[in-house]
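Enquirer: Structure file upload-v2.tsv, TSV, C-alpha atoms and all ligand atoms, is pasted below:
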chain	number	residue	atom	x	y	z
A	60	MET	CA	-71.44	63.37	93.07
A	61	ILE	CA	-70.08	60.06	91.82
A	62	THR	CA	-72.26	56.96	91.70
A	63	GLU	CA	-71.33	53.41	90.75
A	64	ILE	CA	-73.97	52.42	88.19
A	65	ALA	CA	-72.45	49.07	87.20
A	66	GLU	CA	-69.33	47.23	88.23
A	67	ASN	CA	-66.43	49.70	87.89
A	68	LEU	CA	-68.58	52.11	85.90
A	69	TYR	CA	-69.35	55.45	87.51
A	70	ARG	CA	-71.65	58.35	86.78
A	71	VAL	CA	-70.00	61.69	87.52
A	72	THR	CA	-72.44	64.58	87.85
A	73	LEU	CA	-70.96	67.93	86.89
A	74	PRO	CA	-72.33	71.47	87.00
A	75	MET	CA	-73.86	73.46	84.17
A	76	PRO	CA	-74.59	77.18	84.43
A	77	PHE	CA	-78.06	77.16	82.90
A	78	ARG	CA	-81.16	75.20	82.02
A	79	LEU	CA	-80.61	71.58	82.98
A	80	ARG	CA	-78.18	72.59	85.76
A	81	HIS	CA	-76.12	69.42	85.52
A	82	VAL	CA	-74.56	67.07	83.01
A	83	HIS	CA	-73.28	63.54	83.50
A	84	ALA	CA	-69.97	62.11	82.40
A	85	TYR	CA	-69.29	58.39	82.84
A	86	ALA	CA	-66.00	56.98	84.08
A	87	LEU	CA	-64.98	53.37	83.54
A	88	ASP	CA	-62.33	52.04	85.93
A	89	CYS	CA	-60.05	49.97	83.70
A	90	GLY	CA	-57.70	48.96	86.51
A	91	ARG	CA	-54.69	51.15	85.80
A	92	SER	CA	-56.53	53.89	83.97
A	93	ILE	CA	-59.88	55.53	83.40
A	94	THR	CA	-61.89	55.66	80.20
A	95	LEU	CA	-64.15	58.69	80.27
A	96	PHE	CA	-67.37	59.09	78.29
A	97	ASP	CA	-68.10	62.81	77.79
A	98	THR	CA	-66.34	65.38	79.92
A	99	GLY	CA	-68.78	67.97	81.25
A	100	MET	CA	-68.64	71.67	80.63
A	101	HIS	CA	-65.77	74.12	80.79
A	102	MET	CA	-66.89	76.40	83.63
A	103	PRO	CA	-65.62	77.38	87.08
A	104	GLY	CA	-65.46	74.41	89.45
A	105	ALA	CA	-66.26	71.69	86.90
A	106	TYR	CA	-62.72	70.40	86.43
A	107	GLU	CA	-62.08	70.43	90.20
A	108	LYS	CA	-65.32	68.54	90.77
A	109	LEU	CA	-64.35	65.87	88.24
A	110	GLU	CA	-60.87	65.59	89.74
A	111	ALA	CA	-62.27	65.24	93.29
A	112	ASP	CA	-64.77	62.60	92.15
A	113	LEU	CA	-62.05	60.58	90.41
A	114	GLU	CA	-59.86	60.84	93.51
A	115	SER	CA	-62.68	59.45	95.62
A	116	ILE	CA	-62.41	56.19	93.63
A	117	GLY	CA	-58.60	56.14	93.75
A	118	PHE	CA	-57.78	57.87	90.47
A	119	SER	CA	-57.03	61.34	89.18
A	120	ALA	CA	-57.59	63.19	85.91
A	121	ALA	CA	-53.96	62.42	85.00
A	122	ARG	CA	-54.88	58.75	84.71
A	123	ILE	CA	-57.53	59.14	82.04
A	124	SER	CA	-56.25	57.13	79.07
A	125	ASP	CA	-59.18	57.57	76.68
A	126	ILE	CA	-62.04	60.02	76.19
A	127	TYR	CA	-65.08	59.09	74.12
A	128	LEU	CA	-67.51	61.85	73.14
A	129	THR	CA	-71.18	61.28	72.29
A	130	HIS	CA	-71.20	64.68	70.53
A	131	THR	CA	-69.48	68.03	70.63
A	132	HIS	CA	-72.04	70.24	72.36
A	133	THR	CA	-70.27	72.37	74.94
A	134	ASP	CA	-71.76	70.61	77.95
A	135	HIS	CA	-70.44	67.24	76.75
A	136	CYS	CA	-66.99	68.08	75.41
A	137	GLY	CA	-66.01	71.27	77.28
A	138	LEU	CA	-63.31	69.85	79.53
A	139	THR	CA	-61.64	67.75	76.84
A	140	GLU	CA	-58.75	70.14	76.19
A	141	ARG	CA	-57.86	70.51	79.85
A	142	LEU	CA	-58.12	66.76	80.46
A	143	GLN	CA	-55.97	65.96	77.42
A	144	GLU	CA	-53.35	68.44	78.61
A	145	LYS	CA	-53.31	66.83	82.02
A	146	SER	CA	-53.38	63.19	80.98
A	147	GLY	CA	-52.46	62.94	77.30
A	148	ALA	CA	-55.68	60.94	76.87
A	149	ARG	CA	-56.57	59.66	73.43
A	150	LEU	CA	-59.76	61.19	72.06
A	151	HIS	CA	-62.41	59.33	70.07
A	152	LEU	CA	-65.49	60.78	68.38
A	153	THR	CA	-67.33	60.62	65.06
A	154	GLU	CA	-65.93	62.43	62.07
A	155	ILE	CA	-69.12	64.48	61.73
A	156	ALA	CA	-68.94	65.55	65.39
A	157	ARG	CA	-65.39	66.71	64.64
A	158	GLN	CA	-66.64	68.66	61.60
A	159	MET	CA	-69.40	70.33	63.63
A	160	HIS	CA	-66.81	71.38	66.16
A	161	ALA	CA	-64.49	72.63	63.40
A	162	HIS	CA	-67.22	75.03	62.18
A	163	PHE	CA	-67.04	76.78	65.53
A	164	GLU	CA	-63.28	77.15	65.13
A	165	GLU	CA	-63.85	79.05	61.89
A	166	GLY	CA	-65.01	82.01	63.99
A	167	ASP	CA	-65.95	84.92	61.75
A	168	TYR	CA	-67.21	82.66	59.00
A	169	LEU	CA	-69.57	80.89	61.42
A	170	ILE	CA	-70.89	84.22	62.68
A	171	ALA	CA	-71.47	85.45	59.12
A	172	GLU	CA	-73.25	82.21	58.17
A	173	ALA	CA	-75.41	82.31	61.29
A	174	ARG	CA	-76.33	85.95	60.72
A	175	ALA	CA	-77.38	85.17	57.13
A	176	PHE	CA	-79.29	82.05	58.17
A	177	TYR	CA	-81.35	83.69	60.92
A	178	THR	CA	-82.00	86.81	58.84
A	179	ARG	CA	-83.26	84.58	56.01
A	180	HIS	CA	-85.68	83.03	58.52
A	181	GLY	CA	-87.26	86.35	59.38
A	182	MET	CA	-85.53	87.37	62.60
A	183	THR	CA	-85.28	91.04	63.42
A	184	ALA	CA	-81.81	92.55	63.56
A	185	ARG	CA	-82.02	92.78	67.36
A	186	ASP	CA	-82.92	89.11	67.71
A	187	VAL	CA	-80.21	88.06	65.25
A	188	GLU	CA	-77.66	89.83	67.42
A	189	ALA	CA	-79.00	88.01	70.51
A	190	VAL	CA	-78.47	84.71	68.67
A	191	ILE	CA	-74.96	85.77	67.69
A	192	GLU	CA	-74.24	86.43	71.36
A	193	GLU	CA	-75.40	82.92	72.24
A	194	ILE	CA	-73.18	81.45	69.52
A	195	GLU	CA	-70.21	83.54	70.72
A	196	ASP	CA	-70.82	82.21	74.22
A	197	MET	CA	-70.86	78.61	72.96
A	198	LYS	CA	-67.73	79.26	70.95
A	199	SER	CA	-65.91	80.59	74.02
A	200	ARG	CA	-66.64	77.36	75.90
A	201	LEU	CA	-65.40	74.99	73.21
A	202	PRO	CA	-62.10	73.21	73.72
A	203	ARG	CA	-59.35	72.45	71.23
A	204	LEU	CA	-59.58	68.78	70.32
A	205	GLU	CA	-56.65	66.48	69.59
A	206	VAL	CA	-58.40	63.58	67.89
A	207	SER	CA	-56.89	60.09	68.00
A	208	THR	CA	-59.50	58.05	66.16
A	209	PHE	CA	-62.81	58.55	64.41
A	210	LEU	CA	-65.57	56.19	65.50
A	211	LYS	CA	-67.30	53.95	63.01
A	212	ASP	CA	-70.91	52.88	63.22
A	213	ASN	CA	-71.37	49.49	64.92
A	214	GLU	CA	-67.70	49.03	65.61
A	215	ILE	CA	-66.68	47.33	68.83
A	216	ARG	CA	-64.27	49.09	71.15
A	217	ARG	CA	-62.47	47.71	74.18
A	218	ALA	CA	-61.90	49.44	77.52
A	219	GLY	CA	-60.36	47.46	80.37
A	220	ASN	CA	-62.06	44.07	80.40
A	221	ARG	CA	-65.21	45.37	78.73
A	222	THR	CA	-66.26	45.82	75.15
A	223	PHE	CA	-68.90	48.20	73.90
A	224	GLU	CA	-70.48	49.06	70.56
A	225	VAL	CA	-70.54	52.43	68.89
A	226	ILE	CA	-74.07	53.23	67.71
A	227	PHE	CA	-74.49	56.23	65.40
A	228	THR	CA	-77.56	58.22	66.41
A	229	PRO	CA	-77.69	61.43	64.34
A	230	GLY	CA	-80.54	63.81	65.17
A	231	HIS	CA	-80.00	65.82	68.35
A	232	ALA	CA	-76.62	66.53	66.77
A	233	ALA	CA	-75.54	65.42	63.31
A	234	GLY	CA	-72.55	63.47	64.60
A	235	HIS	CA	-74.12	62.00	67.74
A	236	ALA	CA	-73.19	58.48	68.88
A	237	CYS	CA	-74.28	56.27	71.79
A	238	PHE	CA	-72.19	53.56	73.45
A	239	PHE	CA	-73.83	50.20	74.03
A	240	PHE	CA	-72.51	47.61	76.48
A	241	ARG	CA	-74.35	44.59	75.11
A	242	ASP	CA	-73.41	42.12	77.84
A	243	GLU	CA	-75.08	44.32	80.45
A	244	GLY	CA	-77.79	45.80	78.23
A	245	LEU	CA	-76.44	49.20	79.21
A	246	LEU	CA	-76.61	52.27	76.98
A	247	LEU	CA	-74.64	55.48	77.48
A	248	ALA	CA	-77.09	57.64	75.58
A	249	GLY	CA	-75.59	61.13	75.63
A	250	ASP	CA	-78.43	63.42	74.59
A	251	HIS	CA	-80.13	60.95	72.26
A	252	ILE	CA	-82.77	59.86	74.77
A	253	LEU	CA	-83.45	61.82	77.93
A	254	PRO	CA	-85.86	60.82	80.68
A	255	TYR	CA	-87.87	64.02	81.22
A	256	ILE	CA	-87.65	66.15	78.09
A	257	PRO	CA	-87.44	65.35	74.40
A	258	PRO	CA	-83.87	66.15	73.30
A	259	SER	CA	-83.71	69.42	71.39
A	260	LEU	CA	-83.31	69.45	67.61
A	261	SER	CA	-81.35	72.16	65.82
A	262	PRO	CA	-80.56	72.91	62.20
A	263	ASN	CA	-77.14	72.34	60.78
A	264	ILE	CA	-76.77	75.75	59.17
A	265	TYR	CA	-73.96	74.42	57.00
A	266	ASP	CA	-75.99	71.52	55.70
A	267	GLU	CA	-79.66	72.10	54.98
A	268	ILE	CA	-79.80	68.65	53.39
A	269	PHE	CA	-79.47	67.11	56.85
A	270	LEU	CA	-82.95	66.61	58.27
A	271	PRO	CA	-82.68	66.55	62.06
A	272	LEU	CA	-86.23	65.30	62.66
A	273	SER	CA	-86.26	62.33	60.28
A	274	SER	CA	-82.67	61.47	61.23
A	275	TYR	CA	-83.59	61.62	64.88
A	276	LEU	CA	-86.66	59.41	64.44
A	277	ALA	CA	-84.62	56.89	62.44
A	278	SER	CA	-82.02	56.87	65.23
A	279	LEU	CA	-84.77	56.16	67.78
A	280	THR	CA	-85.64	53.05	65.77
A	281	VAL	CA	-82.01	51.94	65.84
A	282	ILE	CA	-82.03	52.16	69.63
A	283	GLU	CA	-85.45	50.54	69.91
A	284	ASN	CA	-84.05	47.42	68.26
A	285	LEU	CA	-81.24	46.96	70.78
A	286	PRO	CA	-81.68	44.75	73.86
A	287	ILE	CA	-81.38	47.60	76.36
A	288	THR	CA	-82.01	47.12	80.07
A	289	VAL	CA	-80.97	50.52	81.33
A	290	VAL	CA	-80.27	53.90	79.75
A	291	HIS	CA	-77.72	56.23	81.33
A	292	PRO	CA	-78.37	59.65	79.79
A	293	GLY	CA	-76.35	62.86	79.66
A	294	HIS	CA	-78.91	64.61	81.86
A	295	GLY	CA	-81.37	63.29	84.43
A	296	ASN	CA	-81.81	59.92	86.08
A	297	SER	CA	-81.03	56.55	84.57
A	298	PHE	CA	-84.09	54.64	83.44
A	299	GLY	CA	-85.40	51.35	82.07
A	300	GLY	CA	-88.40	50.99	79.77
A	301	VAL	CA	-86.60	52.51	76.81
A	302	ARG	CA	-89.29	51.46	74.32
A	303	GLU	CA	-92.01	53.30	76.27
A	304	ARG	CA	-89.81	56.38	76.43
A	305	ILE	CA	-89.18	56.19	72.69
A	306	ASP	CA	-92.94	55.99	72.09
A	307	GLU	CA	-93.49	59.10	74.23
A	308	ILE	CA	-90.84	61.04	72.33
A	309	ARG	CA	-92.28	59.93	68.97
A	310	ALA	CA	-95.75	61.05	70.07
A	311	HIS	CA	-94.34	64.42	71.13
A	312	HIS	CA	-92.82	65.03	67.70
A	313	ALA	CA	-95.90	63.84	65.82
A	314	LEU	CA	-98.07	66.23	67.84
A	315	LYS	CA	-95.69	69.16	67.50
A	316	LYS	CA	-95.36	68.62	63.76
A	317	GLU	CA	-99.15	68.63	63.47
A	318	VAL	CA	-99.42	71.84	65.51
A	319	LEU	CA	-96.83	73.50	63.27
A	320	LEU	CA	-98.58	72.33	60.10
A	321	ASN	CA	-101.81	73.91	61.38
A	322	LEU	CA	-100.05	77.24	61.81
A	323	VAL	CA	-99.04	77.37	58.14
A	324	ASP	CA	-101.79	78.65	55.84
A	325	ARG	CA	-102.19	80.77	52.70
A	326	THR	CA	-100.65	83.84	54.31
A	327	PRO	CA	-96.88	83.71	53.79
A	328	LYS	CA	-95.10	83.50	57.14
A	329	THR	CA	-91.47	83.28	58.14
A	330	THR	CA	-89.99	80.72	60.53
A	331	PHE	CA	-89.68	83.51	63.07
A	332	GLY	CA	-93.32	84.55	62.58
A	333	ILE	CA	-94.57	81.00	62.97
A	334	CYS	CA	-92.39	80.51	66.03
A	335	ALA	CA	-93.75	83.71	67.62
A	336	GLN	CA	-97.28	82.46	66.97
A	337	LEU	CA	-96.40	79.11	68.51
A	338	ILE	CA	-94.90	80.57	71.67
A	339	GLY	CA	-97.59	83.24	71.99
A	340	ALA	CA	-97.75	85.20	75.22
A	341	ALA	CA	-95.18	82.92	76.89
A	342	ALA	CA	-92.47	84.74	74.89
A	343	ALA	CA	-92.56	87.57	77.44
A	344	THR	CA	-91.09	85.29	80.09
A	345	TRP	CA	-88.58	83.49	77.87
A	346	ASP	CA	-84.91	84.38	77.72
A	347	ASP	CA	-82.97	84.71	74.47
A	348	TRP	CA	-81.65	81.17	74.68
A	349	GLU	CA	-85.13	79.68	75.00
A	350	LYS	CA	-86.34	81.73	72.03
A	351	PHE	CA	-83.28	80.67	70.04
A	352	MET	CA	-83.99	77.00	70.75
A	353	ALA	CA	-87.67	77.44	69.88
A	354	LEU	CA	-86.80	79.06	66.57
A	355	ASN	CA	-84.35	76.27	65.76
A	356	GLU	CA	-86.95	73.66	66.48
A	357	THR	CA	-89.61	75.49	64.45
A	358	PHE	CA	-87.18	75.52	61.54
A	359	VAL	CA	-86.54	71.78	61.93
A	360	TYR	CA	-90.26	70.97	61.70
A	361	LEU	CA	-90.87	73.36	58.79
A	362	GLN	CA	-87.90	71.90	56.94
A	363	GLN	CA	-89.35	68.42	57.41
A	364	LEU	CA	-92.87	69.48	56.38
A	365	ARG	CA	-91.43	71.05	53.25
A	366	ARG	CA	-89.50	67.88	52.40
A	367	ASP	CA	-92.67	65.88	52.98
A	368	GLY	CA	-94.42	68.12	50.45
A	369	GLN	CA	-96.94	69.46	52.98
A	370	ILE	CA	-95.90	73.12	52.82
A	371	ARG	CA	-94.19	75.38	50.28
A	372	GLU	CA	-91.20	77.64	50.69
A	373	THR	CA	-90.58	80.82	48.69
A	374	LEU	CA	-87.74	83.31	48.85
A	375	THR	CA	-88.75	86.99	48.71
A	376	ASN	CA	-86.19	89.77	49.18
A	377	GLY	CA	-83.80	87.37	50.89
A	378	VAL	CA	-86.37	86.09	53.39
A	379	LEU	CA	-87.98	82.62	53.32
A	380	TYR	CA	-91.76	82.35	53.60
A	381	TYR	CA	-93.94	79.29	54.13
A	382	THR	CA	-97.44	78.67	52.85
A	383	ALA	CA	-99.94	75.81	52.59
A	384	ASP	CA	-103.29	75.44	50.87
B	1	ZN	ZN	-76.40	68.03	73.27
As C-alpha cells, what does this structure read like?
Ligand SMILES: [Zn+2]
Expert:
Amino acid sequence: MITEIAENLYRVTLPMPFRLRHVHAYALDCGRSITLFDTGMHMPGAYEKLEADLESIGFSAARISDIYLTHTHTDHCGLTERLQEKSGARLHLTEIARQMHAHFEEGDYLIAEARAFYTRHGMTARDVEAVIEEIEDMKSRLPRLEVSTFLKDNEIRRAGNRTFEVIFTPGHAAGHACFFFRDEGLLLAGDHILPYIPPSLSPNIYDEIFLPLSSYLASLTVIENLPITVVHPGHGNSFGGVRERIDEIRAHHALKKEVLLNLVDRTPKTTFGICAQLIGAAAATWDDWEKFMALNETFVYLQQLRRDGQIRETLTNGVLYYTAD
C-alpha cells in the first residue's frame, strides 16, 4: 500500500515476517528521482511490493537517487543492497549505524562476543544457542552497504525542493537518526517514537559504556523540543500529539525501572534470573525472540540502575550477579 502523506511524500508499507507484521518506508518524489527513507526488509515479496508501489506513482526502483536510513536494523535497511544494485543510489546514514552494521559483518567474532555476553548474564547453554540462532537469522537478512555520506547531527539536507534536518536520536539503536521537515512540522521517526508500543531497547554488546535507557530518554527530550505537527513512524499509524506520546513512553520506562529495582534484593541474581521472575508464567507462551528481547531490556534497566548507584554488580565464576540492600 502506498499513501500520500504530504505533497509528493509517500508512505510505502512493506511486509515483515514476524511481530509487527509491517514496516514503513517513505518515498519523496523529487521530480526526476526518488529519495527513499528506510527500505523495508529483505524477504520474499518485499522488493516486488516496493517496486509496484513506486510504479503506481510513475517511478521505479531504478530511479531512486538517494537512500537515507534511520538505523540499520534489518527491517529498516534490508533492501538497501538490492536497491543500490538496481539504481546506484547514494546511501546516507550515521557513522555509528554503519559501525553497528559492520559488527554483524564480522560474523564469527560477533557470535563469540554474543555467546560470552549472554553466558555472563546467566543464560543457560540452551537459551544462549537460541539467541545465537536469532542473531544468525538477523545476520542473514543484512545487506552489504555502499555508504556515500555519514550524517551529522542537526545538518540540513536537500531532496528535490525540500530541505530536512538530521536529528540524532540514539537509544532504540545507538546510531539512530530521525529526519525533520521543519516547514511542515513533519518527523520521519524511524523506531524512535512508535504509536502503540514503546520502542525496544537493546544492549550494545560491544560498548557497555553506551546506556540505551538514558540515551533514549535524552533523545525523547530532543524531539519534544521540536515543533512537530505529525510523526510518521517506522511501524503503525501516523500521529499528532507527540508530547503526550513522549510522556506515555517516559511513564512506561519509569514504571518498568521501578518494577525491576523491586526485583533486586540481597539474594544475588543474574539478568536472566531477574528476567525470568519478571516474565513469570507468561514465559511458557513466549517464543525465543520475545524472551531474547525481554532479556535485553532487563539488562538495559539493570545497567542503568547500576550506573545510578541503586544496585550492585559482582562477577562470580564468569557470571554477573546483582544485589541491593
Ligand atoms: Zn529498529
Enquirer: Counting only C-alpha atoms, which of A:Phe298, A:Tyr360, A:Phe223, A:Trp348 gets nearest to Pro271 (chain A)?
Expert: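 Looking at the shortest contact to Pro271 (chain A), the residue is A:Tyr360.
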Enquirer: Between A:Asn220, A:Thr62, A:Asn376, A:Gln336, single out the one closest to Ala353 (chain A), counting only C-alpha atoms.
Expert: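 Using only C-alpha atoms, the shortest distance to Ala353 (chain A) belongs to A:Gln336.
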Enquirer: Pull the neighbourhood of (-84.3, 76.4, 67.0) for me: all residues within 12 Å in file coordinates, counting all atoms listed in the file, as a tab-separated table (two decimals) with C-alpha atoms, in the coordinates of the input.
Expert:
chain	number	residue	atom	x	y	z
A	176	PHE	CA	-79.29	82.05	58.17
A	177	TYR	CA	-81.35	83.69	60.92
A	180	HIS	CA	-85.68	83.03	58.52
A	182	MET	CA	-85.53	87.37	62.60
A	190	VAL	CA	-78.47	84.71	68.67
A	231	HIS	CA	-80.00	65.82	68.35
A	259	SER	CA	-83.71	69.42	71.39
A	260	LEU	CA	-83.31	69.45	67.61
A	261	SER	CA	-81.35	72.16	65.82
A	262	PRO	CA	-80.56	72.91	62.20
A	263	ASN	CA	-77.14	72.34	60.78
A	264	ILE	CA	-76.77	75.75	59.17
A	271	PRO	CA	-82.68	66.55	62.06
A	330	THR	CA	-89.99	80.72	60.53
A	331	PHE	CA	-89.68	83.51	63.07
A	333	ILE	CA	-94.57	81.00	62.97
A	334	CYS	CA	-92.39	80.51	66.03
A	335	ALA	CA	-93.75	83.71	67.62
A	347	ASP	CA	-82.97	84.71	74.47
A	348	TRP	CA	-81.65	81.17	74.68
A	349	GLU	CA	-85.13	79.68	75.00
A	350	LYS	CA	-86.34	81.73	72.03
A	351	PHE	CA	-83.28	80.67	70.04
A	352	MET	CA	-83.99	77.00	70.75
A	353	ALA	CA	-87.67	77.44	69.88
A	354	LEU	CA	-86.80	79.06	66.57
A	355	ASN	CA	-84.35	76.27	65.76
A	356	GLU	CA	-86.95	73.66	66.48
A	357	THR	CA	-89.61	75.49	64.45
A	358	PHE	CA	-87.18	75.52	61.54
A	359	VAL	CA	-86.54	71.78	61.93
A	360	TYR	CA	-90.26	70.97	61.70
A	361	LEU	CA	-90.87	73.36	58.79
A	362	GLN	CA	-87.90	71.90	56.94
Enquirer: Name the residues, by chain letter and number, that sit within 10 Å of ligand ZN 1 (chain B) using all atoms listed in the file, and give them as a compact mmCIF listing (two decimals) with C-alpha atoms, in the frame of the given file.
Expert:
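Contents of selection_37.txt, as written:
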# COMPACT_ATOMS: atom_id res chain seq x y z
CA VAL A 82 -74.56 67.07 83.01
CA THR A 129 -71.18 61.28 72.29
CA HIS A 130 -71.20 64.68 70.53
CA THR A 131 -69.48 68.03 70.63
CA HIS A 132 -72.04 70.24 72.36
CA THR A 133 -70.27 72.37 74.94
CA ASP A 134 -71.76 70.61 77.95
CA HIS A 135 -70.44 67.24 76.75
CA CYS A 136 -66.99 68.08 75.41
CA HIS A 231 -80.00 65.82 68.35
CA ALA A 232 -76.62 66.53 66.77
CA HIS A 235 -74.12 62.00 67.74
CA GLY A 249 -75.59 61.13 75.63
CA ASP A 250 -78.43 63.42 74.59
CA HIS A 251 -80.13 60.95 72.26
CA PRO A 258 -83.87 66.15 73.30
CA SER A 259 -83.71 69.42 71.39
CA LEU A 260 -83.31 69.45 67.61
CA SER A 261 -81.35 72.16 65.82
CA GLY A 293 -76.35 62.86 79.66
CA HIS A 294 -78.91 64.61 81.86
Enquirer: Here is a test: counting only C-alpha atoms, which residue of A:Leu113, A:Ile252, A:Leu246, A:Val318 is nearest to Gly295 (chain A)?
Expert: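 When distances to Gly295 (chain A) are compared using only C-alpha atoms, the smallest one comes from A:Ile252.
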Enquirer: Counting all atoms listed in the file, which residues in region 244-263 of chain A sit no more than 12 Å from region 64-72 of chain A? For each one, give the nearest pair of atoms and the distance in Å, sorted by chain then residue number, as a tab-separated table.
Expert:
residue	atom	partner	partner_atom	distance
A:Gly244	CA	A:Ala65	CA	10.9
A:Leu245	CA	A:Ala65	CA	8.9
A:Leu246	CA	A:Ala65	CA	11.5
A:Leu247	CA	A:Arg70	CA	10.2
Enquirer: Once you add 3 Å to each side, what are the centre and edge lengths of the axis-aligned box holding all listed atoms of region 81-92 of chain A? One decimal in Å, as JSON, if you can.
Expert:
{"center_x": -65.4, "center_y": 59.2, "center_z": 84.5, "size_x": 27.4, "size_y": 26.5, "size_z": 10.1}
Enquirer: At what distance in Å, to one decimal, does CA of His312 (chain A) lie from CA of Pro257 (chain A)?
Expert: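 CA of His312 (chain A) lies 8.6 Å from CA of Pro257 (chain A).
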Enquirer: With distances taken over only C-alpha atoms, which of A:Arg217, A:Asp97, A:Lys198, A:Ala277 is nearest to Glu165 (chain A)?
Expert: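 Among A:Arg217, A:Asp97, A:Lys198, A:Ala277, it is A:Lys198 that comes nearest to Glu165 (chain A).
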Enquirer: For CA of Ile191 (chain A) and CA of Arg366 (chain A), quote the distance in Å rounded to one decimal.
Expert: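 Interatomic distance here is 27.7 Å.
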Enquirer: Enter the distance from CA of Leu374 (chain A) to CA of Asp346 (chain A), in Å, rounded to one decimal.
Expert: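 One can read the CA of Leu374 (chain A) to CA of Asp346 (chain A) distance as 29.0 Å.
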Enquirer: Between A:Ser146, A:Asn284, A:Ser92, A:Thr153, which one has atoms that come closest to Gly117 (chain A), using all atoms listed in the file?
Expert: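 Using all atoms listed in the file, Gly117 (chain A) sits closest to A:Ser92.
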Enquirer: Looking at all atoms listed in the file, which of A:Thr183, A:Thr94, A:Ser199, A:Ser273 is the one that sits closest to Gly137 (chain A)?
Expert: A:Ser199
Enquirer: Any idea what's packed within 10 Å of Thr178 (chain A), counting only C-alpha atoms, ignoring anything in its chain fewer than 6 positions away? Could you give it as a list in words?
Expert: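 After dropping sequence-adjacent residues, the list is Glu172, Ala184, Asp186, Val187, Phe331, Gly377, Val378 and Leu379 of chain A.
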Enquirer: List the neighbours of Gln369 (chain A) out to 12 Å using all atoms listed in the file; skip same-chain residues closer than 6 positions along the sequence, and give me the result as a list in words.
Expert: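 Within the cut-off, the hits are Lys316, Glu317, Leu319, Leu320, Asn321, Val323, Asp324, Tyr360, Leu361, Gln362, Gln363, Tyr381, Thr382, Ala383 and Asp384 of chain A.
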Enquirer: Write out as a ChimeraX atom specification each polymer residue whose atoms come within 7 Å of region 105-111 of chain A, counting all atoms listed in the file; drop sequence neighbours fewer than 5 positions from it.
Expert: /A:73-74,100,119-120,138
Enquirer: Env of Gln143 (chain A): 12 Å cut, atoms = all atoms listed in the file, seq-sep filter 3 positions within chain, self excluded. Answer as a PyMOL selection string.
Expert: chain A and resi 95+98+120-127+136-140+146-151+202-207
Enquirer: Got time to write the residues from that selection, C-alpha atoms, as a tab-separated table (two decimals), in the coordinates of the input?
Expert:
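Full text of out.tsv as output:
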chain	number	residue	atom	x	y	z
A	95	LEU	CA	-64.15	58.69	80.27
A	98	THR	CA	-66.34	65.38	79.92
A	120	ALA	CA	-57.59	63.19	85.91
A	121	ALA	CA	-53.96	62.42	85.00
A	122	ARG	CA	-54.88	58.75	84.71
A	123	ILE	CA	-57.53	59.14	82.04
A	124	SER	CA	-56.25	57.13	79.07
A	125	ASP	CA	-59.18	57.57	76.68
A	126	ILE	CA	-62.04	60.02	76.19
A	127	TYR	CA	-65.08	59.09	74.12
A	136	CYS	CA	-66.99	68.08	75.41
A	137	GLY	CA	-66.01	71.27	77.28
A	138	LEU	CA	-63.31	69.85	79.53
A	139	THR	CA	-61.64	67.75	76.84
A	140	GLU	CA	-58.75	70.14	76.19
A	146	SER	CA	-53.38	63.19	80.98
A	147	GLY	CA	-52.46	62.94	77.30
A	148	ALA	CA	-55.68	60.94	76.87
A	149	ARG	CA	-56.57	59.66	73.43
A	150	LEU	CA	-59.76	61.19	72.06
A	151	HIS	CA	-62.41	59.33	70.07
A	202	PRO	CA	-62.10	73.21	73.72
A	203	ARG	CA	-59.35	72.45	71.23
A	204	LEU	CA	-59.58	68.78	70.32
A	205	GLU	CA	-56.65	66.48	69.59
A	206	VAL	CA	-58.40	63.58	67.89
A	207	SER	CA	-56.89	60.09	68.00
Enquirer: Can you tell me, as a short mmCIF file (atom, residue, chain, number, x, y, z; two decimals) with C-alpha atoms, in the frame of the given file, what residues are no more than 10 Å from Gln158 (chain A) when counting all atoms listed in the file, ignoring any on the same chain fewer than 6 positions away?
Expert:
data_model
loop_
_atom_site.label_atom_id
_atom_site.label_comp_id
_atom_site.auth_asym_id
_atom_site.auth_seq_id
_atom_site.Cartn_x
_atom_site.Cartn_y
_atom_site.Cartn_z
CA THR A 131 -69.48 68.03 70.63
CA GLU A 164 -63.28 77.15 65.13
CA ALA A 233 -75.54 65.42 63.31
CA GLY A 234 -72.55 63.47 64.60
#
